[in-house]
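To be precise, the following lines are target-v6.txt, and they hold compact mmCIF, C-alpha atoms and all ligand atoms.
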# COMPACT_ATOMS: atom_id res chain seq x y z
CA MET W 1 7.14 -15.08 -23.46
CA THR W 2 6.00 -13.98 -26.91
CA PRO W 3 3.58 -11.03 -27.18
CA SER W 4 0.83 -13.56 -28.02
CA ALA W 5 1.61 -15.63 -24.93
CA ARG W 6 1.44 -12.49 -22.74
CA LEU W 7 -1.87 -11.62 -24.34
CA ALA W 8 -3.21 -15.11 -23.67
CA ALA W 9 -2.10 -14.92 -20.01
CA ALA W 10 -3.71 -11.47 -19.62
CA ILE W 11 -6.98 -12.86 -21.02
CA ASP W 12 -6.78 -15.83 -18.62
CA LEU W 13 -6.19 -13.49 -15.67
CA LEU W 14 -9.12 -11.25 -16.65
CA THR W 15 -11.28 -14.35 -16.99
CA GLU W 16 -10.35 -15.38 -13.42
CA MET W 17 -11.20 -11.87 -12.21
CA ASP W 18 -14.57 -12.08 -13.98
CA ALA W 19 -15.26 -15.37 -12.21
CA SER W 20 -14.68 -13.78 -8.74
CA PRO W 21 -16.33 -10.38 -9.08
CA ARG W 22 -16.29 -9.61 -5.30
CA ARG W 23 -12.59 -10.45 -4.89
CA PRO W 24 -10.04 -7.63 -5.24
CA ALA W 25 -8.14 -7.82 -8.54
CA ASP W 26 -4.72 -7.79 -6.86
CA ALA W 27 -5.68 -10.83 -4.72
CA VAL W 28 -6.77 -12.71 -7.87
CA ALA W 29 -3.56 -11.67 -9.64
CA ASN W 30 -1.41 -12.82 -6.70
CA SER W 31 -2.94 -16.30 -6.75
CA PHE W 32 -2.77 -16.41 -10.56
CA PHE W 33 0.98 -15.73 -10.59
CA ARG W 34 1.60 -17.97 -7.56
CA ASP W 35 0.11 -20.86 -9.55
CA ARG W 36 2.30 -19.99 -12.54
CA ARG W 37 5.74 -19.49 -11.05
CA PHE W 38 7.27 -20.15 -14.48
CA ILE W 39 6.19 -16.63 -15.51
CA GLY W 40 9.21 -14.36 -14.94
CA GLY W 41 9.23 -10.84 -13.46
CA GLY W 42 9.30 -8.95 -16.79
CA ASP W 43 6.44 -10.99 -18.24
CA ARG W 44 4.47 -10.64 -15.02
CA ARG W 45 4.80 -6.85 -15.18
CA ALA W 46 3.78 -6.79 -18.87
CA ILE W 47 0.75 -9.02 -18.26
CA SER W 48 -0.31 -6.95 -15.24
CA ALA W 49 0.08 -3.72 -17.23
CA LEU W 50 -2.28 -5.07 -19.92
CA VAL W 51 -4.83 -6.17 -17.33
CA TRP W 52 -4.68 -3.02 -15.20
CA ASP W 53 -5.04 -0.85 -18.29
CA THR W 54 -8.20 -2.81 -19.10
CA LEU W 55 -9.50 -2.38 -15.54
CA ARG W 56 -8.93 1.38 -15.73
CA HIS W 57 -11.10 1.56 -18.86
CA TRP W 58 -13.73 -0.96 -17.77
CA ARG W 59 -17.01 0.92 -18.27
CA ARG W 60 -15.88 2.76 -21.40
CA THR W 61 -14.76 -0.44 -23.09
CA GLU W 62 -17.96 -2.22 -22.15
CA TRP W 63 -20.06 0.64 -23.46
CA LEU W 64 -18.15 0.83 -26.75
CA ILE W 65 -18.37 -2.92 -27.34
CA GLY W 66 -22.11 -2.75 -26.71
CA HIS W 67 -22.33 0.23 -29.04
CA VAL W 68 -21.01 -1.79 -32.00
CA GLY W 69 -23.14 -4.80 -31.07
CA GLY W 70 -20.27 -6.98 -29.78
CA GLU W 71 -20.27 -9.45 -26.89
CA VAL W 72 -18.30 -8.21 -23.86
CA THR W 73 -15.59 -10.80 -23.14
CA PRO W 74 -12.07 -10.54 -21.65
CA ARG W 75 -10.67 -11.17 -25.16
CA LEU W 76 -12.60 -8.34 -26.74
CA ARG W 77 -11.94 -5.96 -23.82
CA ILE W 78 -8.18 -6.38 -24.29
CA ALA W 79 -8.37 -6.18 -28.08
CA VAL W 80 -10.53 -3.04 -27.94
CA ARG W 81 -8.08 -1.33 -25.58
CA GLN W 82 -5.38 -1.88 -28.20
CA ILE W 83 -7.57 -0.36 -30.92
CA LEU W 84 -8.29 2.64 -28.69
CA THR W 85 -4.57 3.23 -28.17
CA GLY W 86 -4.13 3.47 -31.94
CA VAL W 87 -3.18 -0.09 -32.93
CA THR W 88 -4.85 -1.13 -36.19
CA PRO W 89 -7.20 -4.15 -36.32
CA GLY W 90 -4.70 -5.85 -38.66
CA VAL W 91 -1.89 -5.62 -36.11
CA VAL W 92 -4.20 -6.73 -33.27
CA SER W 93 -5.24 -9.82 -35.21
CA GLN W 94 -1.57 -10.75 -35.79
CA ALA W 95 -1.20 -11.22 -32.00
CA PHE W 96 -4.39 -13.31 -31.80
CA VAL W 97 -2.89 -16.47 -33.27
CA GLU W 98 -3.54 -20.18 -32.75
CA GLY W 99 -1.12 -22.19 -30.61
CA ARG W 100 -0.56 -23.69 -27.18
CA PHE W 101 0.52 -20.38 -25.58
CA ALA W 102 -1.61 -18.03 -27.65
CA PRO W 103 -5.12 -16.62 -27.40
CA GLY W 104 -6.49 -18.21 -30.61
CA ALA W 105 -7.55 -16.32 -33.74
CA LEU W 106 -10.14 -13.55 -33.61
CA THR W 107 -13.64 -14.72 -34.54
CA PRO W 108 -15.49 -12.99 -37.40
CA ASP W 109 -17.70 -11.20 -34.81
CA GLU W 110 -14.66 -9.95 -32.86
CA ARG W 111 -13.01 -8.81 -36.08
CA HIS W 112 -16.19 -6.98 -37.06
CA ALA W 113 -16.39 -5.21 -33.67
CA LEU W 114 -12.77 -4.08 -33.92
CA GLU W 115 -13.17 -2.87 -37.51
CA SER W 116 -16.28 -0.86 -36.55
CA LEU W 117 -14.57 0.70 -33.53
CA SER W 118 -11.44 1.63 -35.46
CA LYS W 119 -13.47 3.46 -38.10
CA ALA W 120 -16.16 5.40 -36.37
CA GLU W 121 -16.51 7.85 -33.51
CA PRO W 122 -19.56 6.64 -31.58
CA ALA W 123 -22.56 8.66 -32.76
CA GLU W 124 -24.36 8.43 -29.45
CA ALA W 125 -22.76 10.37 -26.57
CA MET W 126 -21.20 8.26 -23.88
CA PRO W 127 -22.91 8.93 -20.51
CA ASP W 128 -20.72 10.94 -18.10
CA ALA W 129 -20.66 8.21 -15.44
CA VAL W 130 -19.36 5.74 -18.07
CA ARG W 131 -16.82 8.17 -19.48
CA LEU W 132 -15.52 8.95 -15.98
CA GLU W 133 -15.60 5.28 -14.93
CA VAL W 134 -17.88 5.43 -11.89
CA PRO W 135 -20.98 3.44 -10.99
CA ASP W 136 -24.23 5.24 -11.97
CA TRP W 137 -25.56 5.32 -8.37
CA LEU W 138 -22.37 6.96 -7.10
CA PHE W 139 -22.11 9.66 -9.76
CA PRO W 140 -24.48 12.17 -8.05
CA HIS W 141 -22.54 11.81 -4.74
CA LEU W 142 -19.29 12.63 -6.53
CA ARG W 143 -20.82 15.53 -8.45
CA THR W 144 -22.00 17.05 -5.15
CA LYS W 145 -18.60 16.48 -3.60
CA PHE W 146 -16.38 17.83 -6.38
CA GLY W 147 -18.59 20.38 -8.20
CA ASN W 148 -16.58 22.09 -10.95
CA GLU W 149 -13.56 19.91 -10.18
CA LEU W 150 -15.45 16.68 -10.94
CA GLU W 151 -13.84 15.89 -14.31
CA LYS W 152 -10.32 16.68 -13.10
CA GLU W 153 -10.70 14.69 -9.87
CA LEU W 154 -12.21 11.61 -11.53
CA GLU W 155 -9.69 11.65 -14.37
CA THR W 156 -6.85 11.78 -11.83
CA LEU W 157 -8.46 9.01 -9.76
CA GLY W 158 -8.36 6.93 -12.96
CA GLN W 159 -4.62 7.36 -13.48
CA GLU W 160 -1.77 5.31 -12.07
CA ALA W 161 -0.62 6.34 -8.57
CA THR W 162 2.91 7.31 -7.62
CA LEU W 163 4.88 4.88 -5.46
CA ASP W 164 5.44 6.58 -2.11
CA LEU W 165 7.67 5.43 0.73
CA ARG W 166 7.81 6.52 4.34
CA VAL W 167 11.28 6.76 5.80
CA ASN W 168 11.42 5.01 9.16
CA THR W 169 13.29 7.58 11.25
CA LEU W 170 13.86 4.91 13.92
CA GLN W 171 16.50 3.55 11.48
CA GLY W 172 17.81 6.64 9.67
CA ASP W 173 16.87 9.95 8.05
CA ARG W 174 15.35 10.78 4.68
CA GLU W 175 18.69 11.59 3.02
CA ALA W 176 20.24 8.33 4.24
CA ALA W 177 17.26 6.42 2.83
CA ARG W 178 17.46 8.27 -0.48
CA LYS W 179 21.15 7.40 -0.84
CA MET W 180 20.61 3.76 0.12
CA LEU W 181 17.82 3.41 -2.45
CA LEU W 182 20.08 4.97 -5.08
CA ARG W 183 22.72 2.31 -4.42
CA ASP W 184 20.07 -0.19 -5.58
CA GLY W 185 19.35 1.94 -8.64
CA LEU W 186 16.13 3.46 -7.25
CA ARG W 187 15.83 7.22 -7.67
CA ALA W 188 13.57 8.80 -5.07
CA GLU W 189 12.68 12.42 -4.31
CA PRO W 190 11.25 13.90 -1.10
CA THR W 191 7.45 14.14 -1.19
CA PRO W 192 6.12 17.71 -1.10
CA LEU W 193 3.91 17.35 2.01
CA SER W 194 5.00 14.59 4.37
CA PRO W 195 8.21 15.20 6.34
CA TRP W 196 9.03 11.47 6.06
CA GLY W 197 8.03 10.76 2.46
CA LEU W 198 10.03 9.71 -0.59
CA ARG W 199 8.50 9.33 -4.05
CA LEU W 200 9.86 6.88 -6.60
CA SER W 201 9.60 7.31 -10.33
CA GLY W 202 7.69 4.53 -12.07
CA ARG W 203 6.91 1.01 -10.92
CA VAL W 204 10.11 -0.32 -9.41
CA PRO W 205 10.85 -3.47 -7.39
CA VAL W 206 11.32 -1.61 -4.10
CA THR W 207 10.73 -4.64 -1.86
CA ALA W 208 13.96 -6.16 -3.21
CA SER W 209 16.02 -3.14 -2.12
CA ALA W 210 18.29 -3.16 0.94
CA ALA W 211 16.56 -0.05 2.34
CA PHE W 212 13.23 -1.92 2.40
CA ARG W 213 14.69 -5.19 3.69
CA ASP W 214 16.45 -3.38 6.54
CA GLY W 215 13.29 -1.52 7.59
CA LEU W 216 14.57 1.93 6.63
CA VAL W 217 11.59 2.48 4.30
CA GLU W 218 7.99 1.27 4.21
CA ILE W 219 5.57 1.54 1.29
CA GLN W 220 2.98 4.10 2.38
CA ASP W 221 1.07 6.72 0.43
CA GLU W 222 1.89 10.30 1.39
CA GLY W 223 -1.78 10.86 2.34
CA SER W 224 -1.62 7.98 4.81
CA GLN W 225 1.53 9.50 6.34
CA LEU W 226 -0.28 12.81 6.84
CA VAL W 227 -3.11 11.04 8.68
CA VAL W 228 -0.48 9.77 11.13
CA ALA W 229 0.87 13.31 11.50
CA MET W 230 -2.69 14.41 12.43
CA VAL W 231 -2.68 11.83 15.28
CA GLY W 232 0.21 13.77 16.84
CA ALA W 233 1.45 10.88 19.00
CA SER W 234 4.54 11.70 21.09
CA PRO W 235 6.96 9.52 23.10
CA GLU W 236 5.29 9.59 26.51
CA MET W 237 1.77 8.73 25.30
CA ARG W 238 -0.55 5.74 25.43
CA VAL W 239 -1.96 5.34 21.94
CA LEU W 240 -4.61 3.04 20.48
CA ASP W 241 -4.76 2.20 16.78
CA TYR W 242 -8.30 0.84 16.82
CA CYS W 243 -8.51 -0.46 13.20
CA ALA W 244 -4.84 -1.32 12.82
CA GLY W 245 -5.15 -3.94 10.07
CA ALA W 246 -1.65 -5.05 9.08
CA GLY W 247 -0.16 -2.12 10.98
CA GLY W 248 0.68 0.42 8.25
CA LYS W 249 -0.23 3.39 10.43
CA THR W 250 0.80 1.69 13.69
CA LEU W 251 4.36 1.56 12.38
CA ALA W 252 4.34 5.24 11.54
CA ILE W 253 2.89 6.06 14.99
CA ALA W 254 5.67 4.01 16.64
CA MET W 255 8.11 6.16 14.71
CA THR W 256 6.59 9.49 15.87
CA MET W 257 6.74 8.10 19.43
CA GLN W 258 10.45 7.31 18.95
CA ASN W 259 9.71 3.74 20.01
CA ARG W 260 8.73 4.89 23.51
CA GLY W 261 5.36 5.10 25.32
CA HIS W 262 2.89 2.36 24.44
CA ILE W 263 0.74 1.55 21.40
CA VAL W 264 -2.04 -1.01 21.23
CA ALA W 265 -2.88 -2.20 17.72
CA CYS W 266 -6.42 -3.61 17.58
CA ASP W 267 -8.49 -5.15 14.82
CA VAL W 268 -11.31 -7.65 14.39
CA SER W 269 -9.23 -9.56 11.82
CA ALA W 270 -6.67 -12.02 13.23
CA PRO W 271 -4.93 -12.61 9.85
CA ARG W 272 -4.43 -8.85 9.39
CA LEU W 273 -3.03 -8.39 12.90
CA ASP W 274 -0.79 -11.44 12.41
CA GLY W 275 0.48 -9.89 9.18
CA ALA W 276 1.66 -6.88 11.20
CA VAL W 277 4.15 -8.86 13.32
CA ARG W 278 6.78 -9.24 10.59
CA ARG W 279 6.48 -5.54 9.71
CA PHE W 280 6.91 -4.43 13.35
CA ARG W 281 10.02 -6.58 13.56
CA ARG W 282 11.52 -5.28 10.32
CA ALA W 283 10.91 -1.67 11.36
CA GLY W 284 12.37 -2.26 14.84
CA ALA W 285 9.15 -1.08 16.57
CA HIS W 286 9.22 -2.40 20.16
CA ASN W 287 6.47 -0.40 21.86
CA VAL W 288 3.50 -2.14 20.20
CA GLU W 289 1.09 -4.67 21.71
CA ARG W 290 -1.57 -6.36 19.55
CA HIS W 291 -5.11 -7.02 20.66
CA LEU W 292 -7.75 -8.93 18.70
CA LEU W 293 -11.21 -7.45 19.28
CA THR W 294 -13.83 -10.14 19.81
CA ALA W 295 -17.53 -10.08 20.66
CA GLY W 296 -18.14 -9.81 24.42
CA ASP W 297 -14.49 -8.84 24.99
CA LYS W 298 -14.00 -7.21 28.43
CA TRP W 299 -10.80 -5.49 27.29
CA ALA W 300 -12.52 -2.29 26.10
CA LYS W 301 -14.31 -1.90 29.45
CA ARG W 302 -11.06 -2.25 31.38
CA ARG W 303 -9.26 0.27 29.16
CA ALA W 304 -12.11 2.83 29.00
CA GLY W 305 -10.90 6.44 29.26
CA SER W 306 -7.23 5.46 29.29
CA PHE W 307 -5.71 6.47 25.94
CA ASP W 308 -4.14 9.84 25.08
CA ARG W 309 -4.73 9.25 21.39
CA VAL W 310 -7.09 6.88 19.60
CA LEU W 311 -6.89 6.49 15.84
CA VAL W 312 -9.91 5.07 14.00
CA ASP W 313 -8.70 4.30 10.48
CA ALA W 314 -12.16 3.10 9.58
CA PRO W 315 -13.21 0.43 7.09
CA CYS W 316 -14.54 2.45 4.13
CA THR W 317 -15.38 2.39 0.44
CA GLY W 318 -11.75 3.09 -0.47
CA THR W 319 -12.90 5.55 -3.15
CA GLY W 320 -9.72 7.56 -2.48
CA THR W 321 -7.55 4.63 -3.57
CA TRP W 322 -9.04 4.04 -7.00
CA ARG W 323 -5.71 4.98 -8.65
CA ARG W 324 -4.30 1.78 -7.13
CA ASN W 325 -7.45 -0.35 -7.20
CA PRO W 326 -9.38 0.54 -10.36
CA ASP W 327 -11.42 -2.66 -10.04
CA ALA W 328 -12.90 -1.41 -6.74
CA ARG W 329 -15.00 1.08 -8.71
CA VAL W 330 -16.80 -1.74 -10.45
CA ARG W 331 -17.35 -3.77 -7.29
CA LEU W 332 -18.68 -0.95 -5.13
CA GLN W 333 -22.45 -1.16 -4.56
CA GLU W 334 -24.87 1.26 -2.95
CA GLN W 335 -25.55 -1.29 -0.23
CA ASP W 336 -21.83 -1.32 0.67
CA LEU W 337 -21.86 2.41 1.36
CA ALA W 338 -25.02 2.11 3.47
CA GLU W 339 -23.51 -0.74 5.55
CA LEU W 340 -20.14 0.96 5.94
CA THR W 341 -21.56 4.24 7.25
CA VAL W 342 -23.47 2.33 9.97
CA LYS W 343 -20.32 0.39 10.89
CA GLN W 344 -18.17 3.54 10.97
CA ALA W 345 -20.56 5.23 13.42
CA GLN W 346 -20.55 2.15 15.68
CA ILE W 347 -16.76 1.94 15.65
CA LEU W 348 -16.45 5.66 16.41
CA ASP W 349 -18.78 5.34 19.40
CA ARG W 350 -16.83 2.38 20.81
CA ALA W 351 -13.48 4.05 20.24
CA ALA W 352 -14.66 7.32 21.82
CA ALA W 353 -15.15 5.53 25.15
CA LEU W 354 -11.45 4.61 25.18
CA VAL W 355 -10.17 8.20 24.99
CA ARG W 356 -9.04 9.77 28.29
CA PRO W 357 -10.52 13.16 29.31
CA GLY W 358 -8.55 15.80 27.39
CA GLY W 359 -7.32 13.14 24.93
CA ARG W 360 -7.90 13.04 21.18
CA LEU W 361 -9.77 10.76 18.81
CA VAL W 362 -8.66 10.90 15.18
CA TYR W 363 -11.09 9.55 12.61
CA ALA W 364 -9.73 8.74 9.15
CA THR W 365 -10.85 7.13 5.90
CA CYS W 366 -9.37 6.65 2.45
CA SER W 367 -12.69 7.74 0.98
CA VAL W 368 -13.62 10.93 -0.83
CA LEU W 369 -17.33 10.65 0.01
CA ASP W 370 -18.95 13.13 2.40
CA ALA W 371 -21.22 10.39 3.77
CA GLU W 372 -18.15 8.64 5.23
CA ASN W 373 -16.27 11.81 6.16
CA CYS W 374 -17.69 15.17 7.24
CA ASP W 375 -21.26 13.82 7.58
CA GLN W 376 -19.95 11.08 9.87
CA ILE W 377 -18.15 13.67 12.02
CA ASP W 378 -21.18 15.99 12.18
CA ALA W 379 -23.35 13.09 13.38
CA PHE W 380 -20.71 12.01 15.92
CA LEU W 381 -20.49 15.50 17.41
CA LYS W 382 -24.26 15.54 17.83
CA ARG W 383 -24.14 12.20 19.69
CA HIS W 384 -21.10 13.16 21.84
CA GLU W 385 -21.29 16.59 23.39
CA ASP W 386 -18.07 15.93 25.31
CA PHE W 387 -16.08 16.01 22.04
CA SER W 388 -15.20 19.01 19.87
CA LEU W 389 -13.06 19.60 16.78
CA ALA W 390 -9.41 20.55 17.48
CA THR W 391 -6.49 21.63 15.29
CA PRO W 392 -3.22 19.67 14.97
CA GLU W 393 -0.57 20.28 17.63
CA THR W 394 2.49 19.01 15.82
CA GLU W 395 4.78 20.48 13.20
CA ASP W 396 4.77 17.17 11.37
CA VAL W 397 1.50 18.39 9.84
CA PRO W 398 2.43 20.70 6.94
CA GLU W 399 1.80 24.37 7.72
CA GLN W 400 -1.04 24.80 5.23
CA PHE W 401 -3.10 22.16 7.11
CA ARG W 402 -2.34 23.24 10.68
CA GLY W 403 -5.22 25.71 11.00
CA SER W 404 -7.94 23.13 10.41
CA ALA W 405 -9.30 20.23 12.48
CA THR W 406 -9.98 18.26 9.31
CA LEU W 407 -7.73 17.15 6.48
CA SER W 408 -9.23 16.38 3.11
CA LEU W 409 -6.82 15.19 0.42
CA THR W 410 -7.50 14.25 -3.18
CA PRO W 411 -5.21 13.06 -5.98
CA ALA W 412 -5.88 16.06 -8.25
CA LYS W 413 -5.48 18.66 -5.50
CA ASN W 414 -2.66 17.12 -3.46
CA GLY W 415 -1.06 14.35 -5.54
CA THR W 416 -1.89 11.81 -2.80
CA ASP W 417 -4.59 9.17 -2.52
CA GLY W 418 -7.94 10.54 -1.38
CA PHE W 419 -7.88 10.73 2.43
CA PHE W 420 -9.92 12.34 5.14
CA ALA W 421 -9.00 12.88 8.80
CA ALA W 422 -10.67 14.77 11.63
CA ILE W 423 -9.30 15.51 15.10
CA LEU W 424 -11.86 15.29 17.93
CA GLN W 425 -10.83 16.36 21.41
CA LYS W 426 -12.57 15.01 24.54
CA SER W 427 -13.29 17.62 27.18
CA ALA W 428 -10.98 17.42 30.20
C1 LIG W 501 -8.72 0.90 6.44
S1 LIG W 501 -8.38 -0.63 7.14
C2 LIG W 501 -7.06 -0.26 8.24
C3 LIG W 501 -5.74 -0.07 7.59
C4 LIG W 501 -4.60 0.10 8.57
N1 LIG W 501 -4.88 1.05 9.60
C5 LIG W 501 -3.33 0.52 7.85
O1 LIG W 501 -2.93 1.68 7.90
O2 LIG W 501 -2.71 -0.35 7.21
C6 LIG W 501 -9.71 -0.87 8.22
C7 LIG W 501 -9.55 -1.99 9.21
O3 LIG W 501 -10.70 -1.98 10.07
C8 LIG W 501 -10.90 -3.30 10.51
N2 LIG W 501 -12.24 -3.38 11.10
C9 LIG W 501 -13.42 -3.69 10.52
N3 LIG W 501 -14.41 -3.68 11.41
C10 LIG W 501 -13.87 -3.34 12.60
C11 LIG W 501 -14.37 -3.17 13.91
N4 LIG W 501 -15.67 -3.36 14.18
N5 LIG W 501 -13.53 -2.84 14.91
C12 LIG W 501 -12.21 -2.66 14.66
N6 LIG W 501 -11.65 -2.82 13.42
C13 LIG W 501 -12.48 -3.15 12.42
C14 LIG W 501 -10.66 -4.13 9.27
O4 LIG W 501 -10.36 -5.47 9.60
C15 LIG W 501 -9.50 -3.39 8.62
O5 LIG W 501 -8.28 -3.98 8.96
Show me this structure written as structure tokens.
Ligand SMILES: C[S@@+](CC[C@H](N)C(=O)[O-])C[C@H]1O[C@@H](n2cnc3c(N)ncnc32)[C@H](O)[C@@H]1O
Amino acid sequence: MTPSARLAAAIDLLTEMDASPRRPADAVANSFFRDRRFIGGGDRRAISALVWDTLRHWRRTEWLIGHVGGEVTPRLRIAVRQILTGVTPGVVSQAFVEGRFAPGALTPDERHALESLSKAEPAEAMPDAVRLEVPDWLFPHLRTKFGNELEKELETLGQEATLDLRVNTLQGDREAARKMLLRDGLRAEPTPLSPWGLRLSGRVPVTASAAFRDGLVEIQDEGSQLVVAMVGASPEMRVLDYCAGAGGKTLAIAMTMQNRGHIVACDVSAPRLDGAVRRFRRAGAHNVERHLLTAGDKWAKRRAGSFDRVLVDAPCTGTGTWRRNPDARVRLQEQDLAELTVKQAQILDRAAALVRPGGRLVYATCSVLDAENCDQIDAFLKRHEDFSLATPETEDVPEQFRGSATLSLTPAKNGTDGFFAAILQKSA
């Protein structure tokens, strides 16, 4: 594709995203490229890079366009991003040409907006929430959470994430996985915190590698791996992954259990649980049973007090994953947080009933917000006097985290996604 054709496709994709504002950007992009199979891998990556760069600068671009009196459109968002990375208006307009696979020429208004932005520093100061790309309502929560680290944390949350893999020790060790990836031209280094992690440099097609196909590696952020370490599941246990989704953490739990004992992977979403089957098979995990939670289900009553470990990887705002999902910042509304905190408390209460006396409940989110993390745990402990905080029991948890019952990771501090986990022990 020519640069103009890539630009036109990026504008089309952004337009589709604009038309489905509640749908995650990667889901829109997947359907977009599925409908246009003629677009090859290199072009797809270039188009996605243009779009994701625009998503990462969403509020700033919008504010700047408004500042020079322009109309905010996908075309102008993309053009403005180019100006802000130092491309001159003349060069930008050369890519905006007429033609079947081209975006069409810039209008006089668009040209004017680009000229104004290329010349002047905005006189009026950009509000902090806009500059740091967070919704206005959320900004005070984040300021309270991060204090003096606010700028650093939000800037890091705005950058591209690393690509982390978890080595599936059911199939081989970390060195074997590293060598196998290298045979496919993928250079990976051990992650600093997780005992099973490998970190790849840059965006690389890891799913096409033999190590991935054979189930020796899984894509999983290092923070997510550490949550599994906090669960501390061992071979003889009965373990429940209460919000298992497509089984990312279930697979890692099966690995720490050396494929022995028994794991039940639950979720309220049948498509997500179905999606886990192929992954269990590829990883060679044989000790997992799936259970779809439905209203009025008697299953929970029958299994009350029977699990050694229960993981609640709760539905949450996902604020810790903004490096991967920059569009989520724009979609997140105050009402979502209010609804999620109610749901998290309900799920915790239901899951608590399934823990055996002396067993452990591990609560986790990929959020950085206190309302979903420590506040949720404080409230739980007030409702459940038979539970108390407990420290990790396994050496899979890195030494610096072993003395605490809670784990709180952020991209700036730890180089992982933002994650929270708390270990709650039921009295014997
Ligand atoms: C953060 S995701 C889980 C991700 C998964 N554990 C992983 O590592 O890939 C949260 C999951 O909670 C599920 N969920 C939502 N409401 C639930 C409920 N009331 N009970 C159990 N699971 C629920 C969602 O369907 C979603 O799959």
Item to complete: Give me, please, the distance in Å between CA of Leu157 (chain W) and CA of Thr319 (chain W), quoted to one decimal.
Response: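 Answer for the CA of Leu157 (chain W) to CA of Thr319 (chain W) separation: 8.7 Å.
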Item to complete: List all protein, DNA and RNA residues that have at least one atom no more than 7 Å from any atom of ligand LIG 501 (chain W), counting all atoms listed in the file, and write them as a PyMOL selection string.
Response: chain W and resi 242-250+266-269+272+293+313-316+343+347+365
Worksheet item: Pick from W:Arg143, W:Arg290, W:Lys382, W:Arg59: nearest to Arg331 (chain W), with all atoms listed in the file counted?
Response: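 Checking each of W:Arg143, W:Arg290, W:Lys382, W:Arg59 against Arg331 (chain W), counting all atoms listed in the file, the winner is W:Arg59.
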With 8 Å as the cut-off and only C-alpha atoms counted, what is the closest atom pair between each nearby residue of region 356-426 of chain W and region 193-197 of chain W? Distances in Å to one decimal, ordered by chain and number, as a tab-separated table.
residue	atom	partner	partner_atom	distance
W:Asp396	CA	W:Pro195	CA	6.4
W:Val397	CA	W:Ser194	CA	7.5
W:Pro398	CA	W:Leu193	CA	6.1
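The shortest atom-to-atom distance to Trp58 (chain W), with only C-alpha atoms taken into account, belongs to W:Arg77 out of W:Arg187, W:Arg77, W:Arg37, W:Arg279.
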Response to the item:
Separating CA of Asn259 (chain W) from CA of Leu409 (chain W), to the nearest tenth of an Å, is a gap of 28.1 Å
Discussion item. Just the number, please: distance in Å from CA of Gly403 (chain W) to CA of Asp221 (chain W), one decimal.
Written reply: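 Straight-line distance from CA of Gly403 (chain W) to CA of Asp221 (chain W) works out to 22.6 Å.
Remark: for Glu149 (chain W), the closest of the candidate residues W:Arg360, W:Arg383, W:Lys413, W:Arg111 is W:Lys413 (distances computed over all atoms listed in the file).
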When you look at Gln425 (chain W) with a cut-off of 7 Å (counting all atoms listed in the file), what residues show up, excluding the ones that are within fewer than 6 positions of it in the same chain? I need them as a compact mmCIF listing (two decimals) with C-alpha atoms, in the coordinates of the input.
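Generated output (result22.txt):
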# COMPACT_ATOMS: atom_id res chain seq x y z
CA GLY W 358 -8.55 15.80 27.39
CA GLY W 359 -7.32 13.14 24.93
CA ARG W 360 -7.90 13.04 21.18
CA LEU W 361 -9.77 10.76 18.81
CA PHE W 387 -16.08 16.01 22.04
CA SER W 388 -15.20 19.01 19.87
CA LEU W 389 -13.06 19.60 16.78
CA ALA W 390 -9.41 20.55 17.48
Find the residues of region 219-329 of chain W that sit at most 10 Å from region 123-137 of chain W; for each, write down the nearest two atoms and how far apart they are in Å, to one decimal. Count only C-alpha atoms. Sort by chain, then by number going up, and give it as JSON lines.
{"residue": "W:Pro326", "atom": "CA", "partner": "W:Glu133", "partner_atom": "CA", "distance": 9.1}
{"residue": "W:Ala328", "atom": "CA", "partner": "W:Val134", "partner_atom": "CA", "distance": 9.9}
{"residue": "W:Arg329", "atom": "CA", "partner": "W:Val134", "partner_atom": "CA", "distance": 6.1}
Worksheet entry | Given all atoms listed in the file as the counted atoms, nearest of W:His67, W:Arg281, W:His291, W:Arg166 to Pro190 (chain W) |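 The answer is W:Arg166, which sits nearest to Pro190 (chain W).
Across W:Asp241, W:Asp370, W:Glu98, W:Asp35, the tightest approach to Lys145 (chain W) is made by W:Asp370 when counting only C-alpha atoms.
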Practice prompt. With a distance cut-off of 10 Å and only C-alpha atoms, select the neighbouring residues of Trp322 (chain W), excluding the residue or stretch itself and same-chain residues fewer than 6 positions from it, and output the selection as a PyMOL selection string.
Written response: chain W and resi 56+154+156-161+328-329+366-367+411+417-418
Export, as a PDB file, in the frame of the given file, the selected residues with C-alpha atoms.
ATOM      1  CA  ARG W  56      -8.930   1.380 -15.730  1.00  0.00           C
ATOM      2  CA  LEU W 154     -12.210  11.610 -11.530  1.00  0.00           C
ATOM      3  CA  THR W 156      -6.850  11.780 -11.830  1.00  0.00           C
ATOM      4  CA  LEU W 157      -8.460   9.010  -9.760  1.00  0.00           C
ATOM      5  CA  GLY W 158      -8.360   6.930 -12.960  1.00  0.00           C
ATOM      6  CA  GLN W 159      -4.620   7.360 -13.480  1.00  0.00           C
ATOM      7  CA  GLU W 160      -1.770   5.310 -12.070  1.00  0.00           C
ATOM      8  CA  ALA W 161      -0.620   6.340  -8.570  1.00  0.00           C
ATOM      9  CA  ALA W 328     -12.900  -1.410  -6.740  1.00  0.00           C
ATOM     10  CA  ARG W 329     -15.000   1.080  -8.710  1.00  0.00           C
ATOM     11  CA  CYS W 366      -9.370   6.650   2.450  1.00  0.00           C
ATOM     12  CA  SER W 367     -12.690   7.740   0.980  1.00  0.00           C
ATOM     13  CA  PRO W 411      -5.210  13.060  -5.980  1.00  0.00           C
ATOM     14  CA  ASP W 417      -4.590   9.170  -2.520  1.00  0.00           C
ATOM     15  CA  GLY W 418      -7.940  10.540  -1.380  1.00  0.00           C
TER      16      GLY W 418
END
